[in-house]
Amino acid sequence: MKIIQTIFDSQRKHFEGSGKLRVLKPLFEATETFFLFPGITAGSGPFVRDSLDLKRFMSFVILALMPPFLFGIYNTGLQSCRVSGLPVDPISVITQGLWIVMPLVMVSYGVGFFWELLFASIRKHPISEGFLVTGLLFPMTLPPAIPLWQVAVGISFGVVIGKEVFGGTGRNIFNPALVGRAFLFFAYPTKMSGDAVWVAVIDPVRKAADAISGATPLACPVSSETGETVVMALEKAGYTLSRLFWGLYPGSIGGTSAFYCLIGAVILILVGVASYRIILGGILGLLGTGLVLNIVAGSSANAWLALPPVYHLIMGGFAFGIVYMATDPVSAPGMENVKWVYGFLIGALTVLIRVFNPAYPEGVMMAILFMNIFSPLLDYIEIGLRLKKRISNV
Amino acid sequence: MISVNVTKGYDLAISGKPSSKLKILKKPDRVAFLPERIPFIIPRLLVKVDDPVKIGSVLFEDKQNTDLKFLSPGSGRVSEINFGPRRVIREIVIELEKQEQYADFRKMTDLEIRTLEKESLIKILMQGGVWPLIRELPFRGIADPKIQPESIWVALGNQEPFQPFPEVYLKGREALFSFGLKILKRFGVPVNVSAPDHLRLQGYDIMITHRVRGHYPAHDPGVILYKTKKSAAENIGWYITGQDLLAIASLMKNGHYPIERIAVMAGSRAQNSGHYQTRVGVPVADMIPGLSSDESCFAGGLLTGYEVNSTSFMGLYETALTCIPKGDQRELFGFLRPGFGKPSFSRTFLSRFRKKPFDMDSGMHGEQRACVNCGSCTKICPVDILPQYTIKCLGADAIEEALAHGLLDCVECGLCSYVCPSKIEIRETLQKARYEYHKEQR
């Protein structure tokens with residue numbers, strides 16, 4: 001402790017006043033306060049303060065991201081090893097997974113951090129901890145085979161256009177990680193959708209000729225002429241309910257497993273960092289809409305209408321989106337009751353996009369971004385209703 | 001009797017609770033009056049350094065209402081008048097003489113009170129220097145005698161760490177207290193006495209009109225008014241603490257300017273924690289003999305008070321002095337620790353499972369950041385303001401919207417700033433806006 005304190009105290013002069021590295025002051029402060037929690041005393045009342053700060057608040061999101069992240073590394077490695085014809089023992093699977101995932105994470109953090117530092121230096125404000133979450137969330141939503149330069153472009157767009165142009169953390173309208181993903185989705189569709197991107201193959205020379213198809217369950221082809229249901233088609237492709245739940249199938253790095261997202265959700269709800277209203281509202285919206293579509297399905301040509309709603313819940317990125325993306329407090333509504341509505345509509349829109357829009361097999365990203373736009377309106381409505389009940393005092 | 005249940009708010013689990021034993025503090029050499037600590041007044045000095053004064057001589061008046069006099073809490077010689085920035089009068093220090101003399105005021109009997117007109121009562125209280133003890137809602141300054149309140153509140157309880165216990169300062173003084181209530185009744189509006197629902201005191205039960213249950217700041221008159229009001233007309237009220245009511249009654253009964261107070265010395269670093277029989281304007285150094293550099297001391301409570309050092313004095317309103325460790329220690333990986341000893345409103349620390357009170361320090365426990373809309377302030381606010389949105393309204397100068405949110409219902413309890421993980425000074429922002437609005441309204 002003493003040594004670390006001495007190191008920082010001796011180097012501080014370069015970053016302060018007219019020191020040579022004064023433009024990097026936010027970087028120095030961020031590093032220092034990571035190691036040494038600052039001992040600032042309260043300048044005005046109240047003179048005692050809660051122990052929770054934003055660093056710890058955000059650390060809990062990172063902690064809750066660990067189960068799907070670690071599983072994502074394993075799953076990515078496993079899919080890649082299978083396709084490449086490598087042995088699937090745990091060590092080579094994890095090595096392969098780390099080999100694929102870590103560069104994406106490092107590029108995301110590195111490039112995103114550059115933008116954070118640039119804006120923090122110019123605006124002379126500290127680096128916000130929120131980026132630690134964005135920088136990890138973003139690569140977890142990507143397909144493993146994405147080129148690194150696209151990760152850099154995506155996170156740049158997410159941080160700069162999704163957040164900094166609005167004034168930085170706390171003022172962004174959209175979830176920055178999803179803005180980055182949406183940008184890549186529309187700018188480079190061949191690398192963000194289709195069958196070929198969901199399994200990363202490190203060594204093309206050793207790629208087995210009869211590699212299994214990388215189609216995700218949401219893009220599973222259904223031949224409706226034969227009266228085949230989606231469930232049958234999924235099972236034909238090997239996607240049973242339990243496999244979808246545990247998540248060992250090709251897909252985005254962090255989003256395949258509903259189970260590990262559930263662990264994250266439990267952590268976030270227990271410590272009160274994420275709103276259970278949004279998560280439960282989302283699940284209700286998804287199941288409810290799915291059921292309504294089942295009822296109206298009849299003999300419609302669209303076989304997806306009849307898909308049991310529980311499949312929607314565990315398929316694709318919905319679990320990941322509703323637990324980690326929709327609960328971002330900045331872009332979600334702040335009032336407690338409309339959080340139910342916000343979550344519900346995200347769930348409902350996810351199903352509608354998945355079922356009715358074949359161009360976007362994954363609906364949750366669009367649903368969350370769309371509802372982000374509406375969250376100020378939802379807040380406005382609830383505040384208005386609340387103030388009507390209040391006895392005025394002017 | 002009316003029961004009031006306040007559901008929101010929060011009790012800090014802080015160690016250093018004082019004992020309810022009453023001790024007597026020795027007579028100080030000097031006392032002081034602190035005009036700086038009285039909100040909204042513009043003082044005009046009526047004494048110079050070296051002037052002789054008695055207990056109850058006029059020290060200064062308010063330029064906005066020259067009937068409003070502030071009297072000397074000691075008898076002797078004015079030894080110092082200290083100014084702060086922009087010539088604000090910090091302290092008027094009086095060196096006490098051995099045999100103190102009292103200025104004379106009119107004594108009154110029960111019968112005389114019963115026939116007293118409101119106008120002459122106001123005059124007596126103003127001349128007697130006790131009018132500043134009556135304060136007004138919603139702005140919490142000294143009551144304006146020209147405005148008729150809808151109700152008067154006598155508040156017997158305050159859970160802020162740490163305030164004098166009502167059972168200590170009320171004990172055996174029920175006759176004086178009831179005399180005080182009779183005086184207040186001459187204003188011709190309902191006089192409410194609110195007390196904690198667990199408070200049982202011989203002789204007082206019959207006088208209590210409101211029993212209040214809930215966490216801090218449930219016993220604040222502003223919160224009780226907010227919870228009980230039925231229409232906007234009831235917003236204007238006057239309030240007074242139990243101890244200050246005893247002071248008013250004592251002026252009318254004895255004909256002396258009342259300077260006796262019971263003050264509390266508490267906090268984990270207070271060496272002689274407990275209740276003290278003392279007087280207005282006592283030097284802080286008399287209450288805490290030696291303040292070391294790793295301790296901080298606050299007058300008037302940890303949430304709503306202000307920091308003092310060993311050269312300060314106690315103000316007219318403050319009857320609490322709290323000593324806690326200074327929170328200026330840096331901590332290795334502080335934000336990653338399990339935090340069994342770290343108190344928090346949230347559920348992010350293991351301290352959630354701890355029952356024992358915490359040795360809290362004066363640290364911020366983090367750095368200021370942008371608001372991330374986490375909603376903790378809204379969850380804790382006892383009068384249902386939406387602080388996270390209200391501060392944004394104020395940032396955009398949308399004062400009307402902030403008022404609609406309930407800016408004037410704010411009781412300045414400080415819980416919003418306490419709980420904020422981004423360490424935003426919400427209380428300070430709201431308080432400033434309230435001051436500005438009050439200035440405009442005058």
# chains A, B, ... in the order shown; residues from 1 in each chain; ligands from 1
>>> closest_atom_pairs(of="chain B", to="chain A", cutoff="7 Å", atoms="only C-alpha atoms", output="CSV")
residue,atom,partner,partner_atom,distance
B:Ser231,CA,A:Ile391,CA,6.2
B:Ala232,CA,A:Ser392,CA,5.7
B:Asn235,CA,A:Asn393,CA,6.4
B:Leu302,CA,A:Phe47,CA,5.4
B:Leu303,CA,A:Pro46,CA,3.8
B:Thr304,CA,A:Gly45,CA,5.9
B:Gly305,CA,A:Gly45,CA,6.6
B:Tyr306,CA,A:Gly45,CA,6.6
B:Gly327,CA,A:Thr41,CA,5.5
B:Asp328,CA,A:Gly39,CA,4.1
B:Gln329,CA,A:Gly39,CA,4.7
B:Arg330,CA,A:Gly39,CA,4.5
B:Glu331,CA,A:Phe37,CA,4.9
B:Leu332,CA,A:Leu36,CA,4.6
B:Phe333,CA,A:Phe35,CA,5.0
B:Gly334,CA,A:Phe37,CA,4.9
B:Phe335,CA,A:Arg56,CA,5.3
B:Leu336,CA,A:Arg56,CA,6.7
B:Lys342,CA,A:Ser51,CA,5.9
B:Pro343,CA,A:Ser51,CA,6.0
B:Ser344,CA,A:Asp50,CA,5.1
B:Phe345,CA,A:Asp50,CA,6.8
B:Arg347,CA,A:Val271,CA,4.7
B:Thr348,CA,A:Val271,CA,5.2
B:Met360,CA,A:Val48,CA,6.9
B:Asp361,CA,A:Val48,CA,6.3
B:Ser362,CA,A:Val48,CA,4.9
B:Gly363,CA,A:Thr41,CA,4.1
B:Met364,CA,A:Ala42,CA,5.3
B:His365,CA,A:Ser51,CA,5.4
B:Gly366,CA,A:Asp53,CA,5.3
B:Ala370,CA,A:Gly170,CA,5.6
B:Cys371,CA,A:Gly170,CA,5.5
B:Val372,CA,A:Gly170,CA,4.8
B:Asn373,CA,A:Val330,CA,5.6
B:Cys374,CA,A:Pro329,CA,5.8
B:Gly375,CA,A:Gly334,CA,6.3
B:Leu403,CA,A:Val394,CA,6.2
B:Ala404,CA,A:Ser392,CA,6.6
B:His405,CA,A:Leu387,CA,6.6
B:Gly406,CA,A:Asn393,CA,6.5
B:Leu408,CA,A:Asn393,CA,6.1
B:Asp409,CA,A:Asn393,CA,6.8
B:Gly414,CA,A:Pro46,CA,5.5
B:Ser417,CA,A:Pro46,CA,6.8
B:Tyr418,CA,A:Arg49,CA,4.6
B:Val419,CA,A:Asp50,CA,5.3
B:Pro421,CA,A:Asp53,CA,4.1
B:Ser422,CA,A:Leu54,CA,5.6
>>> write_last_selection(atoms="C-alpha atoms", output="PDB file, in the first residue's frame")
ATOM      1  CA  SER B 231     -54.831  21.168   0.502  1.00  0.00           C
ATOM      2  CA  ALA B 232     -52.282  23.643  -0.813  1.00  0.00           C
ATOM      3  CA  ASN B 235     -48.393  24.689   3.123  1.00  0.00           C
ATOM      4  CA  LEU B 302     -24.129  15.066  10.612  1.00  0.00           C
ATOM      5  CA  LEU B 303     -26.626  15.478   7.783  1.00  0.00           C
ATOM      6  CA  THR B 304     -27.929  19.019   8.102  1.00  0.00           C
ATOM      7  CA  GLY B 305     -25.248  20.710  10.219  1.00  0.00           C
ATOM      8  CA  TYR B 306     -21.913  22.297   9.428  1.00  0.00           C
ATOM      9  CA  GLY B 327     -12.467  10.196   6.066  1.00  0.00           C
ATOM     10  CA  ASP B 328      -9.295  11.238   4.266  1.00  0.00           C
ATOM     11  CA  GLN B 329      -7.574   7.867   4.202  1.00  0.00           C
ATOM     12  CA  ARG B 330      -6.900   6.324   0.822  1.00  0.00           C
ATOM     13  CA  GLU B 331      -7.610   2.636   0.581  1.00  0.00           C
ATOM     14  CA  LEU B 332      -6.037  -0.023  -1.619  1.00  0.00           C
ATOM     15  CA  PHE B 333      -8.643  -1.412  -4.072  1.00  0.00           C
ATOM     16  CA  GLY B 334     -11.311   0.150  -1.887  1.00  0.00           C
ATOM     17  CA  PHE B 335     -14.142  -0.433  -4.316  1.00  0.00           C
ATOM     18  CA  LEU B 336     -13.492  -4.158  -4.666  1.00  0.00           C
ATOM     19  CA  LYS B 342     -18.933  -0.379   5.102  1.00  0.00           C
ATOM     20  CA  PRO B 343     -22.427   0.952   5.693  1.00  0.00           C
ATOM     21  CA  SER B 344     -24.644   1.286   2.641  1.00  0.00           C
ATOM     22  CA  PHE B 345     -28.267   1.846   1.693  1.00  0.00           C
ATOM     23  CA  ARG B 347     -27.219  -4.204  -1.181  1.00  0.00           C
ATOM     24  CA  THR B 348     -23.742  -4.156  -2.665  1.00  0.00           C
ATOM     25  CA  MET B 360     -18.769   6.090  10.003  1.00  0.00           C
ATOM     26  CA  ASP B 361     -16.253   8.688   8.845  1.00  0.00           C
ATOM     27  CA  SER B 362     -16.599  11.967   6.985  1.00  0.00           C
ATOM     28  CA  GLY B 363     -15.313  10.620   3.664  1.00  0.00           C
ATOM     29  CA  MET B 364     -17.124  10.814   0.329  1.00  0.00           C
ATOM     30  CA  HIS B 365     -16.275   7.154  -0.424  1.00  0.00           C
ATOM     31  CA  GLY B 366     -15.947   7.880  -4.097  1.00  0.00           C
ATOM     32  CA  ALA B 370     -22.416  12.037 -13.910  1.00  0.00           C
ATOM     33  CA  CYS B 371     -25.891  10.972 -12.780  1.00  0.00           C
ATOM     34  CA  VAL B 372     -26.682   7.532 -14.196  1.00  0.00           C
ATOM     35  CA  ASN B 373     -30.349   7.696 -13.242  1.00  0.00           C
ATOM     36  CA  CYS B 374     -30.030   4.890 -10.699  1.00  0.00           C
ATOM     37  CA  GLY B 375     -33.016   6.180  -8.749  1.00  0.00           C
ATOM     38  CA  LEU B 403     -41.496  23.483  -8.003  1.00  0.00           C
ATOM     39  CA  ALA B 404     -44.049  21.089  -9.448  1.00  0.00           C
ATOM     40  CA  HIS B 405     -41.770  18.227  -8.387  1.00  0.00           C
ATOM     41  CA  GLY B 406     -42.074  19.504  -4.816  1.00  0.00           C
ATOM     42  CA  LEU B 408     -40.600  23.515  -1.558  1.00  0.00           C
ATOM     43  CA  ASP B 409     -41.660  20.319   0.213  1.00  0.00           C
ATOM     44  CA  GLY B 414     -29.627  15.340   3.095  1.00  0.00           C
ATOM     45  CA  SER B 417     -26.753  13.349  -1.182  1.00  0.00           C
ATOM     46  CA  TYR B 418     -25.989  10.639   1.347  1.00  0.00           C
ATOM     47  CA  VAL B 419     -27.184   7.860  -0.902  1.00  0.00           C
ATOM     48  CA  PRO B 421     -23.431   6.662  -5.847  1.00  0.00           C
ATOM     49  CA  SER B 422     -22.282   9.403  -8.228  1.00  0.00           C
TER      50      SER B 422
END
>>> select_by_dssp(residues="range 99-223 of chain A", states="helix (DSSP H, G or I)", output="compact mmCIF listing (two decimals) with N, CA, C and O atoms, in the first residue's frame")
# COMPACT_ATOMS: atom_id res chain seq x y z
N TRP A 99 -8.12 -17.55 -27.65
CA TRP A 99 -7.41 -17.07 -28.83
C TRP A 99 -8.34 -16.25 -29.75
O TRP A 99 -7.92 -15.32 -30.41
N ILE A 100 -9.60 -16.65 -29.78
CA ILE A 100 -10.56 -15.94 -30.64
C ILE A 100 -11.15 -14.73 -29.92
O ILE A 100 -11.24 -13.64 -30.49
N VAL A 101 -11.52 -14.91 -28.65
CA VAL A 101 -12.30 -13.86 -27.97
C VAL A 101 -11.44 -12.73 -27.45
O VAL A 101 -11.79 -11.56 -27.59
N MET A 102 -10.29 -13.07 -26.85
CA MET A 102 -9.51 -12.03 -26.20
C MET A 102 -9.09 -10.90 -27.15
O MET A 102 -9.16 -9.73 -26.76
N PRO A 103 -8.66 -11.20 -28.39
CA PRO A 103 -8.34 -10.07 -29.28
C PRO A 103 -9.54 -9.12 -29.47
O PRO A 103 -9.36 -7.90 -29.49
N LEU A 104 -10.75 -9.70 -29.58
CA LEU A 104 -11.93 -8.84 -29.77
C LEU A 104 -12.11 -7.94 -28.56
O LEU A 104 -12.36 -6.73 -28.69
N VAL A 105 -11.96 -8.53 -27.35
CA VAL A 105 -12.15 -7.74 -26.13
C VAL A 105 -11.08 -6.68 -26.02
O VAL A 105 -11.35 -5.52 -25.69
N MET A 106 -9.84 -7.08 -26.33
CA MET A 106 -8.74 -6.12 -26.19
C MET A 106 -8.90 -4.96 -27.16
O MET A 106 -8.68 -3.80 -26.81
N VAL A 107 -9.30 -5.26 -28.39
CA VAL A 107 -9.50 -4.18 -29.37
C VAL A 107 -10.64 -3.29 -28.90
O VAL A 107 -10.55 -2.06 -28.93
N SER A 108 -11.71 -3.90 -28.41
CA SER A 108 -12.85 -3.12 -27.96
C SER A 108 -12.47 -2.18 -26.81
O SER A 108 -12.75 -0.98 -26.85
N TYR A 109 -11.79 -2.73 -25.81
CA TYR A 109 -11.35 -1.89 -24.69
C TYR A 109 -10.34 -0.85 -25.14
O TYR A 109 -10.43 0.33 -24.79
N GLY A 110 -9.36 -1.29 -25.93
CA GLY A 110 -8.28 -0.39 -26.32
C GLY A 110 -8.79 0.79 -27.13
O GLY A 110 -8.53 1.95 -26.78
N VAL A 111 -9.53 0.50 -28.19
CA VAL A 111 -10.00 1.58 -29.07
C VAL A 111 -11.03 2.44 -28.34
O VAL A 111 -10.98 3.67 -28.39
N GLY A 112 -11.94 1.78 -27.62
CA GLY A 112 -12.95 2.55 -26.89
C GLY A 112 -12.32 3.43 -25.84
O GLY A 112 -12.70 4.58 -25.66
N PHE A 113 -11.29 2.90 -25.17
CA PHE A 113 -10.63 3.67 -24.14
C PHE A 113 -9.93 4.89 -24.73
O PHE A 113 -9.90 5.96 -24.14
N PHE A 114 -9.38 4.71 -25.94
CA PHE A 114 -8.76 5.85 -26.60
C PHE A 114 -9.76 6.99 -26.76
O PHE A 114 -9.47 8.14 -26.46
N TRP A 115 -10.97 6.67 -27.22
CA TRP A 115 -11.97 7.73 -27.41
C TRP A 115 -12.39 8.34 -26.08
O TRP A 115 -12.54 9.54 -25.96
N GLU A 116 -12.57 7.47 -25.07
CA GLU A 116 -12.93 7.98 -23.74
C GLU A 116 -11.89 8.98 -23.25
O GLU A 116 -12.21 10.05 -22.76
N LEU A 117 -10.63 8.58 -23.39
CA LEU A 117 -9.54 9.41 -22.89
C LEU A 117 -9.48 10.72 -23.67
O LEU A 117 -9.30 11.80 -23.10
N LEU A 118 -9.68 10.62 -25.00
CA LEU A 118 -9.64 11.83 -25.83
C LEU A 118 -10.71 12.82 -25.37
O LEU A 118 -10.43 14.00 -25.13
N PHE A 119 -11.92 12.33 -25.21
CA PHE A 119 -13.02 13.23 -24.82
C PHE A 119 -12.82 13.73 -23.39
O PHE A 119 -13.09 14.88 -23.09
N ALA A 120 -12.34 12.84 -22.51
CA ALA A 120 -12.13 13.25 -21.12
C ALA A 120 -11.05 14.33 -21.04
O ALA A 120 -11.19 15.30 -20.29
N SER A 121 -9.98 14.18 -21.84
CA SER A 121 -8.91 15.17 -21.81
C SER A 121 -9.40 16.51 -22.31
O SER A 121 -9.11 17.56 -21.72
N ILE A 122 -10.15 16.49 -23.42
CA ILE A 122 -10.60 17.77 -23.99
C ILE A 122 -11.63 18.42 -23.07
O ILE A 122 -11.58 19.61 -22.82
N ARG A 123 -12.53 17.62 -22.56
CA ARG A 123 -13.57 18.20 -21.70
C ARG A 123 -13.10 18.41 -20.27
O ARG A 123 -13.83 18.93 -19.45
N GLY A 130 -18.50 3.77 -16.55
CA GLY A 130 -19.48 3.14 -17.42
C GLY A 130 -18.83 2.46 -18.62
O GLY A 130 -19.31 1.45 -19.12
N PHE A 131 -17.69 3.00 -19.06
CA PHE A 131 -17.06 2.44 -20.24
C PHE A 131 -16.57 1.02 -20.01
O PHE A 131 -16.54 0.21 -20.94
N LEU A 132 -16.17 0.71 -18.76
CA LEU A 132 -15.70 -0.65 -18.48
C LEU A 132 -16.77 -1.65 -18.85
O LEU A 132 -16.48 -2.76 -19.30
N VAL A 133 -18.03 -1.28 -18.65
CA VAL A 133 -19.14 -2.17 -18.99
C VAL A 133 -19.34 -2.19 -20.49
O VAL A 133 -19.41 -3.26 -21.11
N THR A 134 -19.43 -1.01 -21.11
CA THR A 134 -19.64 -0.94 -22.56
C THR A 134 -18.58 -1.73 -23.31
O THR A 134 -18.88 -2.48 -24.24
N GLY A 135 -17.31 -1.56 -22.87
CA GLY A 135 -16.19 -2.18 -23.56
C GLY A 135 -16.25 -3.69 -23.52
O GLY A 135 -15.67 -4.37 -24.38
N LEU A 136 -16.91 -4.26 -22.53
CA LEU A 136 -17.04 -5.72 -22.45
C LEU A 136 -18.34 -6.21 -23.09
O LEU A 136 -18.38 -7.24 -23.76
N LEU A 137 -19.41 -5.40 -22.89
CA LEU A 137 -20.70 -5.78 -23.48
C LEU A 137 -20.60 -5.88 -24.99
O LEU A 137 -21.12 -6.82 -25.60
N PHE A 138 -19.93 -4.89 -25.58
CA PHE A 138 -19.92 -4.81 -27.03
C PHE A 138 -19.38 -6.07 -27.71
O PHE A 138 -20.09 -6.68 -28.52
N PRO A 139 -18.15 -6.53 -27.39
CA PRO A 139 -17.67 -7.74 -28.09
C PRO A 139 -18.52 -8.98 -27.80
O PRO A 139 -18.59 -9.88 -28.62
N MET A 140 -19.19 -9.00 -26.64
CA MET A 140 -19.99 -10.18 -26.33
C MET A 140 -21.21 -10.30 -27.22
O MET A 140 -21.83 -11.37 -27.30
N LEU A 148 -11.17 -7.88 -36.77
CA LEU A 148 -10.83 -6.97 -35.68
C LEU A 148 -11.05 -5.50 -36.05
O LEU A 148 -11.43 -4.70 -35.22
N TRP A 149 -10.78 -5.16 -37.31
CA TRP A 149 -10.95 -3.75 -37.67
C TRP A 149 -12.41 -3.33 -37.56
O TRP A 149 -12.71 -2.19 -37.22
N GLN A 150 -13.31 -4.28 -37.78
CA GLN A 150 -14.73 -3.94 -37.63
C GLN A 150 -15.09 -3.74 -36.16
O GLN A 150 -15.92 -2.90 -35.83
N VAL A 151 -14.45 -4.51 -35.28
CA VAL A 151 -14.66 -4.29 -33.85
C VAL A 151 -14.24 -2.87 -33.49
O VAL A 151 -14.94 -2.13 -32.78
N ALA A 152 -13.08 -2.46 -34.03
CA ALA A 152 -12.58 -1.12 -33.74
C ALA A 152 -13.55 -0.06 -34.26
O ALA A 152 -13.87 0.91 -33.55
N VAL A 153 -14.03 -0.24 -35.46
CA VAL A 153 -14.96 0.73 -36.04
C VAL A 153 -16.26 0.76 -35.22
O VAL A 153 -16.79 1.83 -34.90
N GLY A 154 -16.72 -0.42 -34.87
CA GLY A 154 -17.99 -0.51 -34.13
C GLY A 154 -17.93 0.17 -32.78
O GLY A 154 -18.79 0.97 -32.44
N ILE A 155 -16.88 -0.11 -32.01
CA ILE A 155 -16.80 0.47 -30.68
C ILE A 155 -16.57 1.98 -30.78
O ILE A 155 -17.08 2.77 -29.97
N SER A 156 -15.86 2.40 -31.83
CA SER A 156 -15.66 3.84 -32.04
C SER A 156 -17.00 4.51 -32.27
O SER A 156 -17.31 5.56 -31.67
N PHE A 157 -17.80 3.91 -33.13
CA PHE A 157 -19.12 4.49 -33.42
C PHE A 157 -19.97 4.50 -32.16
O PHE A 157 -20.61 5.48 -31.83
N GLY A 158 -19.94 3.39 -31.44
CA GLY A 158 -20.74 3.29 -30.22
C GLY A 158 -20.37 4.35 -29.20
O GLY A 158 -21.23 5.02 -28.64
N VAL A 159 -19.07 4.51 -28.97
CA VAL A 159 -18.64 5.45 -27.93
C VAL A 159 -18.84 6.90 -28.39
O VAL A 159 -19.37 7.72 -27.65
N VAL A 160 -18.43 7.18 -29.64
CA VAL A 160 -18.46 8.58 -30.08
C VAL A 160 -19.89 9.00 -30.41
O VAL A 160 -20.41 9.97 -29.83
N GLU A 164 -20.65 10.01 -26.61
CA GLU A 164 -19.95 11.27 -26.38
C GLU A 164 -20.60 12.48 -27.05
O GLU A 164 -20.58 13.56 -26.51
N VAL A 165 -21.20 12.28 -28.23
CA VAL A 165 -21.82 13.45 -28.89
C VAL A 165 -23.00 13.97 -28.08
O VAL A 165 -23.38 15.12 -28.20
N PHE A 166 -23.55 13.14 -27.23
CA PHE A 166 -24.67 13.61 -26.40
C PHE A 166 -24.17 14.30 -25.13
O PHE A 166 -24.96 14.86 -24.38
N PRO A 176 -24.78 2.59 -25.61
CA PRO A 176 -23.66 2.74 -26.56
C PRO A 176 -23.22 1.42 -27.18
O PRO A 176 -22.89 1.39 -28.37
N ALA A 177 -23.21 0.34 -26.40
CA ALA A 177 -22.76 -0.95 -26.95
C ALA A 177 -23.70 -1.40 -28.07
O ALA A 177 -23.26 -1.91 -29.10
N LEU A 178 -24.99 -1.17 -27.89
CA LEU A 178 -25.94 -1.58 -28.93
C LEU A 178 -25.87 -0.67 -30.14
O LEU A 178 -26.10 -1.12 -31.27
N VAL A 179 -25.57 0.61 -29.93
CA VAL A 179 -25.41 1.51 -31.07
C VAL A 179 -24.26 1.01 -31.94
O VAL A 179 -24.37 0.95 -33.17
N GLY A 180 -23.15 0.63 -31.28
CA GLY A 180 -22.01 0.09 -32.02
C GLY A 180 -22.39 -1.16 -32.78
O GLY A 180 -22.05 -1.32 -33.96
N ARG A 181 -23.15 -2.03 -32.14
CA ARG A 181 -23.54 -3.28 -32.79
C ARG A 181 -24.48 -3.01 -33.96
O ARG A 181 -24.34 -3.59 -35.04
N ALA A 182 -25.43 -2.09 -33.75
CA ALA A 182 -26.38 -1.77 -34.82
C ALA A 182 -25.65 -1.19 -36.02
O ALA A 182 -25.97 -1.48 -37.17
N PHE A 183 -24.63 -0.38 -35.73
CA PHE A 183 -23.86 0.21 -36.83
C PHE A 183 -23.21 -0.90 -37.66
O PHE A 183 -23.32 -0.92 -38.89
N LEU A 184 -22.55 -1.83 -36.99
CA LEU A 184 -21.91 -2.93 -37.72
C LEU A 184 -22.94 -3.76 -38.47
O LEU A 184 -22.72 -4.18 -39.59
N PHE A 185 -24.09 -3.98 -37.83
CA PHE A 185 -25.14 -4.81 -38.41
C PHE A 185 -25.61 -4.25 -39.75
O PHE A 185 -25.82 -4.98 -40.71
N PHE A 186 -25.74 -2.93 -39.82
CA PHE A 186 -26.22 -2.33 -41.07
C PHE A 186 -25.11 -2.00 -42.03
O PHE A 186 -25.31 -1.97 -43.24
N ALA A 187 -23.90 -1.72 -41.48
CA ALA A 187 -22.81 -1.33 -42.38
C ALA A 187 -22.13 -2.54 -43.00
O ALA A 187 -21.72 -2.50 -44.15
N PRO A 189 -23.31 -6.09 -43.21
CA PRO A 189 -24.24 -7.19 -42.92
C PRO A 189 -23.64 -8.58 -43.19
O PRO A 189 -23.99 -9.53 -42.50
N THR A 190 -22.71 -8.67 -44.13
CA THR A 190 -22.19 -10.01 -44.43
C THR A 190 -21.38 -10.57 -43.27
O THR A 190 -21.20 -11.77 -43.14
N LYS A 191 -20.84 -9.68 -42.43
CA LYS A 191 -20.04 -10.15 -41.30
C LYS A 191 -20.86 -10.23 -40.02
O LYS A 191 -20.36 -10.59 -38.97
N MET A 192 -22.10 -9.78 -40.07
CA MET A 192 -22.90 -9.73 -38.85
C MET A 192 -24.10 -10.67 -38.90
O MET A 192 -24.81 -10.82 -37.92
N PRO A 204 -7.55 -21.83 -41.41
CA PRO A 204 -8.39 -22.25 -42.54
C PRO A 204 -7.85 -23.50 -43.24
O PRO A 204 -8.61 -24.24 -43.84
N VAL A 205 -6.56 -23.72 -43.14
CA VAL A 205 -5.97 -24.86 -43.84
C VAL A 205 -6.53 -26.17 -43.29
O VAL A 205 -6.81 -27.10 -43.99
N ARG A 206 -6.73 -26.18 -41.95
CA ARG A 206 -7.14 -27.42 -41.32
C ARG A 206 -8.66 -27.56 -41.25
O ARG A 206 -9.16 -28.47 -40.61
N PRO A 217 -30.18 -20.83 -34.51
CA PRO A 217 -31.56 -21.31 -34.45
C PRO A 217 -32.55 -20.30 -35.05
O PRO A 217 -33.54 -20.70 -35.65
N LEU A 218 -32.26 -19.01 -34.91
CA LEU A 218 -33.22 -18.02 -35.38
C LEU A 218 -33.28 -17.97 -36.90
O LEU A 218 -34.25 -17.50 -37.48
N ALA A 219 -32.19 -18.43 -37.53
CA ALA A 219 -32.18 -18.41 -38.99
C ALA A 219 -32.44 -19.80 -39.56
O ALA A 219 -32.17 -20.08 -40.70
>>> closest_residue(among="B:Gly203, B:Gly76, B:Pro85, B:Gly237", to="Pro138 in chain B", atoms="only C-alpha atoms")
B:Gly237
>>> closest_residue(among="A:Phe174, A:Tyr276, A:Trp304, A:Phe245", to="Gly317 in chain A", atoms="only C-alpha atoms")
A:Phe245
>>> closest_residue(among="A:Val351, A:Ala258, A:Val197, A:Ile94", to="Val323 in chain A", atoms="only C-alpha atoms")
A:Ala258
>>> residues_around(residues="Ile142 in chain B", least_positions_apart="2", cutoff="10 Å", atoms="only C-alpha atoms", output="JSON, numbers by chain")
{"B": [38, 39, 40, 41, 68, 131, 132, 133, 134, 135, 136, 137, 139, 140, 144, 145, 238, 239]}
>>> closest_residue(among="A:Met371, A:Val231, A:Leu284, A:Val93", to="Asn75 in chain A", atoms="only C-alpha atoms")
A:Val93
